[in-house]
Structure formats: C-alpha cells, structure tokens
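A.B. asks: Contents of my_file.txt (compact mmCIF, C-alpha atoms):
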```txt
# COMPACT_ATOMS: atom_id res chain seq x y z
CA ALA A 1 -78.28 35.42 -3.46
CA GLN A 2 -76.48 32.26 -2.56
CA LYS A 3 -75.38 31.43 0.94
CA VAL A 4 -73.56 28.59 2.65
CA THR A 5 -73.67 28.18 6.41
CA GLN A 6 -71.29 26.09 8.45
CA ALA A 7 -72.50 26.62 11.98
CA GLN A 8 -69.71 24.66 13.62
CA THR A 9 -66.70 26.93 13.96
CA GLU A 10 -64.44 24.40 15.61
CA ILE A 11 -64.71 20.72 16.53
CA SER A 12 -62.26 18.75 18.62
CA VAL A 13 -62.34 14.95 18.74
CA VAL A 14 -60.08 12.17 19.85
CA GLU A 15 -58.56 9.89 17.26
CA LYS A 16 -60.85 7.09 16.04
CA GLU A 17 -63.99 9.02 16.87
CA ASP A 18 -66.51 9.67 14.09
CA VAL A 19 -67.25 13.30 13.33
CA THR A 20 -69.88 15.02 11.17
CA LEU A 21 -69.43 18.47 9.69
CA ASP A 22 -72.65 20.28 8.90
CA CYS A 23 -73.39 22.39 5.84
CA VAL A 24 -76.62 24.20 4.99
CA TYR A 25 -77.03 26.13 1.76
CA GLU A 26 -79.42 28.57 0.13
CA THR A 27 -79.90 29.06 -3.59
CA ARG A 28 -82.70 29.90 -6.01
CA ASP A 29 -81.06 27.92 -8.80
CA THR A 30 -82.56 24.59 -9.73
CA THR A 31 -79.22 23.31 -10.99
CA TYR A 32 -76.23 23.77 -8.78
CA TYR A 33 -73.17 21.99 -7.45
CA LEU A 34 -71.99 21.44 -3.91
CA PHE A 35 -68.42 20.82 -2.85
CA TRP A 36 -66.28 20.05 0.14
CA TYR A 37 -62.69 21.24 0.35
CA LYS A 38 -60.01 20.59 2.96
CA GLN A 39 -57.48 23.27 3.87
CA PRO A 40 -54.48 21.97 5.82
CA PRO A 41 -52.09 24.41 7.53
CA SER A 42 -50.14 24.75 4.27
CA GLY A 43 -53.07 26.77 2.92
CA GLU A 44 -53.89 24.93 -0.29
CA LEU A 45 -57.54 23.99 -0.74
CA VAL A 46 -57.82 20.30 -1.50
CA PHE A 47 -60.88 19.15 -3.46
CA LEU A 48 -62.76 16.33 -1.74
CA ILE A 49 -66.09 15.90 -3.50
CA ARG A 50 -68.59 17.46 -5.90
CA ARG A 51 -72.31 16.72 -5.81
CA ASN A 52 -74.84 17.75 -8.48
CA SER A 53 -78.21 19.08 -7.39
CA PHE A 54 -80.03 16.42 -9.34
CA ASP A 55 -78.16 13.52 -7.75
CA GLU A 56 -79.13 12.91 -4.16
CA GLN A 57 -77.27 9.65 -3.78
CA ASN A 58 -75.03 9.56 -0.76
CA GLU A 59 -71.41 8.83 -1.39
CA ILE A 60 -68.71 7.02 0.50
CA SER A 61 -65.01 7.21 -0.18
CA GLY A 62 -62.93 5.29 2.30
CA ARG A 63 -63.43 6.91 5.70
CA TYR A 64 -65.31 9.84 4.16
CA SER A 65 -69.03 9.93 3.46
CA TRP A 66 -71.42 12.64 2.38
CA ASN A 67 -75.14 12.99 2.98
CA PHE A 68 -76.97 15.29 0.55
CA GLN A 69 -80.61 16.14 1.37
CA LYS A 70 -82.34 18.64 -0.91
CA SER A 71 -85.40 18.72 1.33
CA THR A 72 -83.38 20.30 4.12
CA SER A 73 -80.78 22.01 1.87
CA SER A 74 -77.99 20.21 3.66
CA PHE A 75 -74.80 18.54 2.52
CA ASN A 76 -73.12 17.02 5.55
CA PHE A 77 -69.71 15.39 5.67
CA THR A 78 -68.79 12.53 8.00
CA ILE A 79 -65.31 11.26 8.77
CA THR A 80 -65.31 7.79 10.26
CA ALA A 81 -62.53 6.72 12.62
CA SER A 82 -60.84 10.11 12.49
CA GLN A 83 -57.07 10.40 12.35
CA VAL A 84 -54.65 13.14 13.34
CA VAL A 85 -53.97 13.78 9.64
CA ASP A 86 -57.62 14.80 9.25
CA SER A 87 -56.91 17.94 11.28
CA ALA A 88 -57.63 20.87 8.98
CA VAL A 89 -60.23 23.47 8.13
CA TYR A 90 -63.04 22.08 6.01
CA PHE A 91 -65.07 24.26 3.68
CA CYS A 92 -68.42 23.58 2.10
CA ALA A 93 -69.06 25.48 -1.13
CA LEU A 94 -71.85 26.08 -3.62
CA SER A 95 -71.27 26.68 -7.31
CA ASP A 96 -73.06 29.46 -9.11
CA ALA A 97 -73.16 27.56 -12.39
CA ASP A 98 -74.63 29.54 -15.23
CA MET A 99 -75.56 26.84 -17.71
CA ASP A 100 -75.87 29.30 -20.62
CA THR A 101 -72.62 31.20 -20.33
CA GLY A 102 -70.57 28.67 -18.40
CA ARG A 103 -69.72 31.29 -15.81
CA ARG A 104 -68.86 29.86 -12.46
CA ALA A 105 -68.00 31.06 -8.99
CA LEU A 106 -67.84 29.29 -5.67
CA THR A 107 -69.64 30.62 -2.62
CA PHE A 108 -67.91 29.27 0.47
CA GLY A 109 -69.07 28.69 4.00
CA SER A 110 -66.99 30.10 6.82
CA GLY A 111 -65.30 26.76 7.43
CA THR A 112 -65.10 24.30 10.30
CA ARG A 113 -61.77 23.77 12.01
CA LEU A 114 -61.38 20.11 12.94
CA GLN A 115 -58.78 19.13 15.49
CA VAL A 116 -58.14 15.44 15.98
CA GLN A 117 -56.23 14.73 19.15
CA PRO A 118 -54.05 11.61 19.39
CA LYS B 1 -49.87 15.95 -13.98
CA ALA B 2 -48.69 19.17 -12.39
CA GLY B 3 -51.18 21.04 -10.22
CA VAL B 4 -52.02 24.72 -10.19
CA THR B 5 -48.95 26.80 -9.50
CA GLN B 6 -48.85 30.30 -8.10
CA THR B 7 -45.99 32.74 -7.83
CA PRO B 8 -44.73 34.24 -5.71
CA ARG B 9 -45.75 32.34 -2.58
CA TYR B 10 -45.14 35.27 -0.28
CA LEU B 11 -45.08 39.01 -0.81
CA ILE B 12 -44.61 41.99 1.43
CA LYS B 13 -45.63 45.38 0.11
CA THR B 14 -46.38 48.80 1.56
CA ARG B 15 -49.55 50.83 1.29
CA GLY B 16 -49.97 52.59 -2.02
CA GLN B 17 -47.85 50.15 -3.99
CA GLN B 18 -49.20 47.78 -6.58
CA VAL B 19 -48.70 44.04 -6.92
CA THR B 20 -49.03 41.38 -9.59
CA LEU B 21 -49.68 37.74 -8.79
CA SER B 22 -49.33 34.91 -11.27
CA CYS B 23 -51.18 31.63 -11.74
CA SER B 24 -50.52 28.71 -14.08
CA PRO B 25 -53.49 26.35 -14.37
CA ILE B 26 -53.46 22.61 -14.69
CA SER B 27 -52.65 21.58 -18.25
CA GLY B 28 -55.86 21.45 -20.28
CA HIS B 29 -57.81 23.69 -17.92
CA ARG B 30 -58.99 26.88 -19.58
CA SER B 31 -61.01 28.49 -16.82
CA VAL B 32 -59.08 30.32 -14.09
CA SER B 33 -60.68 31.86 -11.03
CA TRP B 34 -59.24 33.98 -8.23
CA TYR B 35 -60.31 34.09 -4.59
CA GLN B 36 -59.30 36.18 -1.61
CA GLN B 37 -59.14 34.62 1.84
CA THR B 38 -59.02 36.77 4.97
CA PRO B 39 -59.78 35.93 8.60
CA GLY B 40 -62.61 38.43 8.69
CA GLN B 41 -64.35 37.87 5.35
CA GLY B 42 -63.41 34.28 4.66
CA LEU B 43 -63.10 33.05 1.09
CA GLN B 44 -64.49 35.45 -1.49
CA PHE B 45 -64.68 35.18 -5.25
CA LEU B 46 -62.74 37.85 -7.14
CA PHE B 47 -63.12 37.00 -10.83
CA GLU B 48 -63.03 34.26 -13.41
CA TYR B 49 -61.30 34.21 -16.78
CA PHE B 50 -61.92 32.00 -19.75
CA SER B 51 -60.45 32.32 -23.22
CA GLU B 52 -58.62 35.53 -22.27
CA THR B 53 -61.91 37.19 -21.24
CA GLN B 54 -63.26 38.02 -17.82
CA ARG B 55 -66.39 35.94 -17.62
CA ASN B 56 -67.50 36.60 -14.07
CA LYS B 57 -66.68 39.14 -11.40
CA GLY B 58 -67.18 39.31 -7.67
CA ASN B 59 -67.89 42.34 -5.56
CA PHE B 60 -64.45 43.92 -5.32
CA PRO B 61 -63.32 47.48 -6.16
CA GLY B 62 -61.74 48.34 -9.47
CA ARG B 63 -58.28 48.29 -7.86
CA PHE B 64 -58.46 44.54 -8.35
CA SER B 65 -57.98 43.48 -11.94
CA GLY B 66 -56.77 40.51 -13.87
CA ARG B 67 -56.03 39.09 -17.23
CA GLN B 68 -55.55 35.77 -18.93
CA PHE B 69 -53.08 34.89 -21.63
CA SER B 70 -53.51 32.63 -24.63
CA ASN B 71 -51.84 29.75 -22.78
CA SER B 72 -54.49 30.11 -20.02
CA ARG B 73 -52.00 31.49 -17.52
CA SER B 74 -53.50 34.30 -15.51
CA GLU B 75 -52.33 37.31 -13.55
CA MET B 76 -54.13 39.46 -11.06
CA ASN B 77 -53.13 42.96 -10.16
CA VAL B 78 -53.97 45.04 -7.13
CA SER B 79 -53.20 48.74 -7.37
CA THR B 80 -52.91 51.29 -4.58
CA LEU B 81 -52.62 48.63 -1.91
CA GLU B 82 -54.46 49.06 1.37
CA LEU B 83 -53.84 47.35 4.69
CA GLY B 84 -57.06 45.39 4.23
CA ASP B 85 -55.70 43.78 1.09
CA SER B 86 -53.48 41.58 3.24
CA ALA B 87 -54.76 38.11 2.49
CA LEU B 88 -54.13 34.73 0.97
CA TYR B 89 -54.92 34.92 -2.73
CA LEU B 90 -55.92 31.61 -4.22
CA CYS B 91 -56.13 30.69 -7.87
CA ALA B 92 -58.23 27.81 -9.14
CA SER B 93 -58.54 26.18 -12.52
CA SER B 94 -61.14 23.92 -14.06
CA PHE B 95 -62.08 22.15 -17.25
CA GLU B 96 -64.48 24.03 -19.45
CA GLN B 97 -66.54 21.07 -20.52
CA GLY B 98 -67.47 17.62 -19.40
CA ALA B 99 -68.73 15.99 -16.26
CA ARG B 100 -66.01 17.54 -14.14
CA SER B 101 -66.24 21.04 -15.55
CA HIS B 102 -67.37 22.60 -12.30
CA GLU B 103 -64.66 21.13 -10.13
CA GLN B 104 -62.17 23.84 -9.29
CA PHE B 105 -58.65 22.84 -8.31
CA PHE B 106 -56.70 25.28 -6.22
CA GLY B 107 -53.10 26.33 -6.09
CA PRO B 108 -51.09 26.86 -2.89
CA GLY B 109 -51.88 30.56 -2.82
CA THR B 110 -49.89 33.77 -2.55
CA ARG B 111 -49.79 35.28 0.90
CA LEU B 112 -49.72 39.06 0.57
CA THR B 113 -48.85 41.25 3.51
CA VAL B 114 -49.39 45.01 3.22
CA LEU B 115 -47.51 47.15 5.73
```
Transcribe the structure of this file into structure tokens.
C.D. replies:
Amino acid sequence: AQKVTQAQTEISVVEKEDVTLDCVYETRDTTYYLFWYKQPPSGELVFLIRRNSFDEQNEISGRYSWNFQKSTSSFNFTITASQVVDSAVYFCALSDADMDTGRRALTFGSGTRLQVQP
Amino acid sequence: KAGVTQTPRYLIKTRGQQVTLSCSPISGHRSVSWYQQTPGQGLQFLFEYFSETQRNKGNFPGRFSGRQFSNSRSEMNVSTLELGDSALYLCASSFEQGARSHEQFFGPGTRLTVL
C-alpha cells in the first residue's frame, strides 16, 4: 500500500522567512511520481511540480525549490522569502502509475497549512 | 486554454436523496479522476475514467458511481446520501500519453452539504 506522510500540520512564519515543508512517502513500486499541490482558500488544487522516481535532480522554480531523496523516501518543498500570497494548504502526493494499463490515482498526504504573516 | 470546470459549485441535499456532479476536462485530456475531500479523511481517490470506461476505483461503497461520455466529460453520482457524504468533490483531468501524462489538473470542486 502507498502512503504519504506530512508530519507538519500547520506552520506559521513571518514574511520573507524561508520555510520547508516535509513529505515522506512509502511505495513498493519502482516507478512512481511525486507531486506537490497548493490549495488556497478557494479550494482548487493548484499543480506545482511533478517528479519522476528515476530523476533525483533537485529543481528550482523562482522562490520554490524541491529536494527529492530516494534514500530517505522524502520529497521536501522549500519556499524562499515567503510572501503572504503563499498562505495556503500544501499537499504532497504520490501517483500509483500502472505502466501497463495506464491506470492512475493520487495518494495524498494530510496537508500542511502554511500561514505567512505580514 | 480553459481549465477543468465543475458544476454546480455548491449543492445542498438531504439524507436519502441522490446527486449528480459534472466535470468537463481540459481540452485534449481524456483521463478524468474524482476525489473526495473531507476534514476527517482528507483527500481520497474515488475513481478514474478513460475512454468512457472506469479504469481505476478507490475504496468507496457502491452508492458512488460515475460515467464518462465520448467527449471526455464525466459525471459522478451519489445515491442515498448520508451525512458523511458532505465534502468537497474534486475532479481532475490529465493527458493520456506523453511526458506530462501523470500530471493531474484539478477543477474548483463541488461543495456538497447533506442535511
């Protein structure tokens, strides 16, 4: 069975601080995909990044960066110089990607609520 | 390009009734998945449709069903509503092939309240 753990329920920071959201996953698949989504108060899940299991390169996109480490089954997300607009719930997810049938389903963590104070 | 759209955005029903929710995927996306989000259980996978066929199913009772039409639009139905069915129902679509085929893009959701 697949599992995604986001141990941090809520984080509060002051604007311009850096913040790291932790994600630990469990899977028996050798090929899988990891994702981060942002859910603002409006409710829509906004796609941030996808990472393949065979690509351990870290990625940076503006103020966002992701650290993928297969050895520790972690896929952490860092926001540099946080802003009030970053306030949202962030979800880490793992894709059950059946390469033969194409079937797919996301297993989500419980989410981390980030509050950025001005 | 228009995103995933879901209708209606809000619904209020009473126990025992049934409800149908609709989802229109992003143009060109043929896979549509449904998720339920509740405060207690979080985000849970309901089912996935591709080419008008249910391709994957989560662990939900048979009261939850869905279908997909030839234009990839999808509907989900919940019969005999229970109080615990109150949730945000999210639809997601994705490409079937290519490097981005496992990226799922979500709609704004339908918030269902069962009284």
A.B. asks: Could you give me, as a compact mmCIF listing (two decimals) with C-alpha atoms, keeping the file's coordinate frame, the residues within 8 Å of Thr107 (chain A), counting all atoms listed in the file and dropping anything in the same chain fewer than 4 positions from it?
C.D. replies:
```txt
# COMPACT_ATOMS: atom_id res chain seq x y z
CA GLN A 2 -76.48 32.26 -2.56
CA LYS A 3 -75.38 31.43 0.94
CA VAL A 4 -73.56 28.59 2.65
CA ALA A 93 -69.06 25.48 -1.13
CA LEU A 94 -71.85 26.08 -3.62
CA SER A 95 -71.27 26.68 -7.31
CA ASP A 96 -73.06 29.46 -9.11
CA LEU B 43 -63.10 33.05 1.09
CA GLN B 44 -64.49 35.45 -1.49
CA PHE B 45 -64.68 35.18 -5.25
```
A.B. asks: For Lys16 (chain A), please output as a ChimeraX atom specification all residues within 12 Å (counting all atoms listed in the file; exclusion window: fewer than 4 positions along the same chain).
C.D. replies: /A:63,79-86,116-118
A.B. asks: Find the residues of chain B in contact range of chain A, meaning any atom within 7 Å when counting all atoms listed in the file, and list them as a list in words.
C.D. replies: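 The selection requested is Gly42, Leu43, Phe45, Arg55, Asn56, Glu103, Phe105, Phe106, Gly107, Pro108 and Gly109 of chain B.
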A.B. asks: Take the residues from that selection and put them in a file with C-alpha atoms, as a CSV table (one decimal), keeping the file's coordinate frame.
C.D. replies:
```
chain,number,residue,atom,x,y,z
B,42,GLY,CA,-63.4,34.3,4.7
B,43,LEU,CA,-63.1,33.0,1.1
B,45,PHE,CA,-64.7,35.2,-5.2
B,55,ARG,CA,-66.4,35.9,-17.6
B,56,ASN,CA,-67.5,36.6,-14.1
B,103,GLU,CA,-64.7,21.1,-10.1
B,105,PHE,CA,-58.6,22.8,-8.3
B,106,PHE,CA,-56.7,25.3,-6.2
B,107,GLY,CA,-53.1,26.3,-6.1
B,108,PRO,CA,-51.1,26.9,-2.9
B,109,GLY,CA,-51.9,30.6,-2.8
```
A.B. asks: Could you work out an axis-aligned box for region 17-33 of chain B, taking every atom the file lists and adding 4 Å on each side, and report centre and edge lengths in Å to one decimal, as AutoDock Vina command-line options?
C.D. replies:
```
--center_x -54.4 --center_y 35.8 --center_z -12.1 --size_x 21.2 --size_y 36.7 --size_z 24.3
```
A.B. asks: Residues near Leu11 (chain B), anyone? I mean within 8 Å using only C-alpha atoms, not counting same-chain ones fewer than 5 positions away, as an mmCIF file with C-alpha atoms, keeping the file's coordinate frame.
C.D. replies:
```cif
data_model
loop_
_atom_site.group_PDB
_atom_site.id
_atom_site.type_symbol
_atom_site.label_atom_id
_atom_site.label_comp_id
_atom_site.auth_asym_id
_atom_site.auth_seq_id
_atom_site.Cartn_x
_atom_site.Cartn_y
_atom_site.Cartn_z
ATOM 1 C CA THR B 110 -49.890 33.770 -2.550
ATOM 2 C CA ARG B 111 -49.790 35.280 0.900
ATOM 3 C CA LEU B 112 -49.720 39.060 0.570
ATOM 4 C CA THR B 113 -48.850 41.250 3.510
#
```
A.B. asks: How far is it from CA of Cys23 (chain B) to CA of Asn59 (chain B), in Å with one decimal?
C.D. replies: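 Going from CA of Cys23 (chain B) over to CA of Asn59 (chain B) covers 20.8 Å.
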A.B. asks: Can you tell me which residues surround region 32-35 of chain B at a distance of at most 10 Å, considering all atoms listed in the file, apart from same-chain residues fewer than 6 positions away, and format the answer as an NGL selection string?
C.D. replies: (:A and (104-106)) or (:B and (4 or 23-26 or 42-52 or 54-58 or 66-68 or 72-76 or 87-96 or 104-106 or 109))
A.B. asks: I'd like to know which of A:Asn58, A:Ser87, A:Thr112, A:Ser65 is closest to Pro41 (chain A), using all atoms listed in the file.
C.D. replies: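 Looking only at the distances to Pro41 (chain A), the closest residue turns out to be A:Ser87.
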A.B. asks: Using all atoms listed in the file for the distances, tell me which of A:Tyr90, A:Phe77, A:Trp36, A:Tyr64 is nearest to Arg113 (chain A).
C.D. replies: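 The shortest atom-to-atom distance to Arg113 (chain A) comes from A:Tyr90.
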A.B. asks: With only C-alpha atoms as the atoms that count, which of B:His29, B:Thr20, B:Arg9, B:Gln41 lies nearest to Ser65 (chain B)?
C.D. replies: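 Nearest candidate to Ser65 (chain B) out of B:His29, B:Thr20, B:Arg9, B:Gln41: B:Thr20.
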A.B. asks: Which value, in Å to one decimal, gives the distance between CA of Gln36 (chain B) and CA of Arg63 (chain B)?
C.D. replies: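 For CA of Gln36 (chain B) relative to CA of Arg63 (chain B), the distance reads 13.7 Å.
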A.B. asks: Could you add whatever atoms are missing so that region 37-56 of chain B carries N, CA, C and O atoms, then write the result as an mmCIF file, in the coordinates of the input?
C.D. replies:
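Writing the result to selection_8.cif gives the following:
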```cif
data_model
loop_
_atom_site.group_PDB
_atom_site.id
_atom_site.type_symbol
_atom_site.label_atom_id
_atom_site.label_comp_id
_atom_site.auth_asym_id
_atom_site.auth_seq_id
_atom_site.Cartn_x
_atom_site.Cartn_y
_atom_site.Cartn_z
ATOM 1 N N GLN B 37 -58.796 35.200 0.537
ATOM 2 C CA GLN B 37 -59.140 34.620 1.840
ATOM 3 C C GLN B 37 -58.561 35.475 2.950
ATOM 4 O O GLN B 37 -57.345 35.684 3.033
ATOM 5 N N THR B 38 -59.423 36.002 3.802
ATOM 6 C CA THR B 38 -59.020 36.770 4.970
ATOM 7 C C THR B 38 -59.718 36.208 6.197
ATOM 8 O O THR B 38 -60.786 35.601 6.089
ATOM 9 N N PRO B 39 -59.137 36.434 7.383
ATOM 10 C CA PRO B 39 -59.780 35.930 8.600
ATOM 11 C C PRO B 39 -61.173 36.532 8.819
ATOM 12 O O PRO B 39 -62.072 35.866 9.314
ATOM 13 N N GLY B 40 -61.339 37.767 8.430
ATOM 14 C CA GLY B 40 -62.610 38.430 8.690
ATOM 15 C C GLY B 40 -63.703 38.114 7.681
ATOM 16 O O GLY B 40 -64.860 37.912 8.047
ATOM 17 N N GLN B 41 -63.355 38.069 6.415
ATOM 18 C CA GLN B 41 -64.350 37.870 5.350
ATOM 19 C C GLN B 41 -64.384 36.456 4.792
ATOM 20 O O GLN B 41 -65.265 36.121 4.010
ATOM 21 N N GLY B 42 -63.441 35.640 5.174
ATOM 22 C CA GLY B 42 -63.410 34.280 4.660
ATOM 23 C C GLY B 42 -62.953 34.230 3.213
ATOM 24 O O GLY B 42 -62.193 35.080 2.756
ATOM 25 N N LEU B 43 -63.458 33.239 2.499
ATOM 26 C CA LEU B 43 -63.100 33.050 1.090
ATOM 27 C C LEU B 43 -64.104 33.761 0.218
ATOM 28 O O LEU B 43 -65.298 33.472 0.264
ATOM 29 N N GLN B 44 -63.605 34.675 -0.615
ATOM 30 C CA GLN B 44 -64.490 35.450 -1.490
ATOM 31 C C GLN B 44 -64.006 35.395 -2.921
ATOM 32 O O GLN B 44 -62.808 35.506 -3.191
ATOM 33 N N PHE B 45 -64.950 35.255 -3.822
ATOM 34 C CA PHE B 45 -64.680 35.180 -5.250
ATOM 35 C C PHE B 45 -64.297 36.542 -5.790
ATOM 36 O O PHE B 45 -65.004 37.541 -5.563
ATOM 37 N N LEU B 46 -63.184 36.597 -6.518
ATOM 38 C CA LEU B 46 -62.740 37.850 -7.140
ATOM 39 C C LEU B 46 -63.202 37.933 -8.587
ATOM 40 O O LEU B 46 -63.927 38.841 -8.961
ATOM 41 N N PHE B 47 -62.723 37.031 -9.421
ATOM 42 C CA PHE B 47 -63.120 37.000 -10.830
ATOM 43 C C PHE B 47 -62.719 35.675 -11.462
ATOM 44 O O PHE B 47 -61.933 34.913 -10.908
ATOM 45 N N GLU B 48 -63.308 35.462 -12.635
ATOM 46 C CA GLU B 48 -63.030 34.260 -13.410
ATOM 47 C C GLU B 48 -62.694 34.642 -14.838
ATOM 48 O O GLU B 48 -63.328 35.533 -15.413
ATOM 49 N N TYR B 49 -61.695 33.975 -15.394
ATOM 50 C CA TYR B 49 -61.300 34.210 -16.780
ATOM 51 C C TYR B 49 -61.413 32.923 -17.576
ATOM 52 O O TYR B 49 -61.124 31.822 -17.088
ATOM 53 N N PHE B 50 -61.851 33.105 -18.797
ATOM 54 C CA PHE B 50 -61.920 32.000 -19.750
ATOM 55 C C PHE B 50 -61.639 32.559 -21.129
ATOM 56 O O PHE B 50 -62.210 33.594 -21.514
ATOM 57 N N SER B 51 -60.773 31.904 -21.860
ATOM 58 C CA SER B 51 -60.450 32.320 -23.220
ATOM 59 C C SER B 51 -60.054 33.790 -23.270
ATOM 60 O O SER B 51 -60.545 34.555 -24.120
ATOM 61 N N GLU B 52 -59.197 34.174 -22.333
ATOM 62 C CA GLU B 52 -58.620 35.530 -22.270
ATOM 63 C C GLU B 52 -59.652 36.612 -21.962
ATOM 64 O O GLU B 52 -59.357 37.803 -22.123
ATOM 65 N N THR B 53 -60.844 36.227 -21.532
ATOM 66 C CA THR B 53 -61.910 37.190 -21.240
ATOM 67 C C THR B 53 -62.406 37.003 -19.814
ATOM 68 O O THR B 53 -62.544 35.862 -19.350
ATOM 69 N N GLN B 54 -62.662 38.114 -19.148
ATOM 70 C CA GLN B 54 -63.260 38.020 -17.820
ATOM 71 C C GLN B 54 -64.712 37.610 -17.973
ATOM 72 O O GLN B 54 -65.514 38.351 -18.544
ATOM 73 N N ARG B 55 -65.057 36.480 -17.416
ATOM 74 C CA ARG B 55 -66.390 35.940 -17.620
ATOM 75 C C ARG B 55 -67.299 36.180 -16.416
ATOM 76 O O ARG B 55 -68.514 36.127 -16.530
ATOM 77 N N ASN B 56 -66.709 36.412 -15.276
ATOM 78 C CA ASN B 56 -67.500 36.600 -14.070
ATOM 79 C C ASN B 56 -66.697 37.444 -13.104
ATOM 80 O O ASN B 56 -65.455 37.378 -13.096
#
```
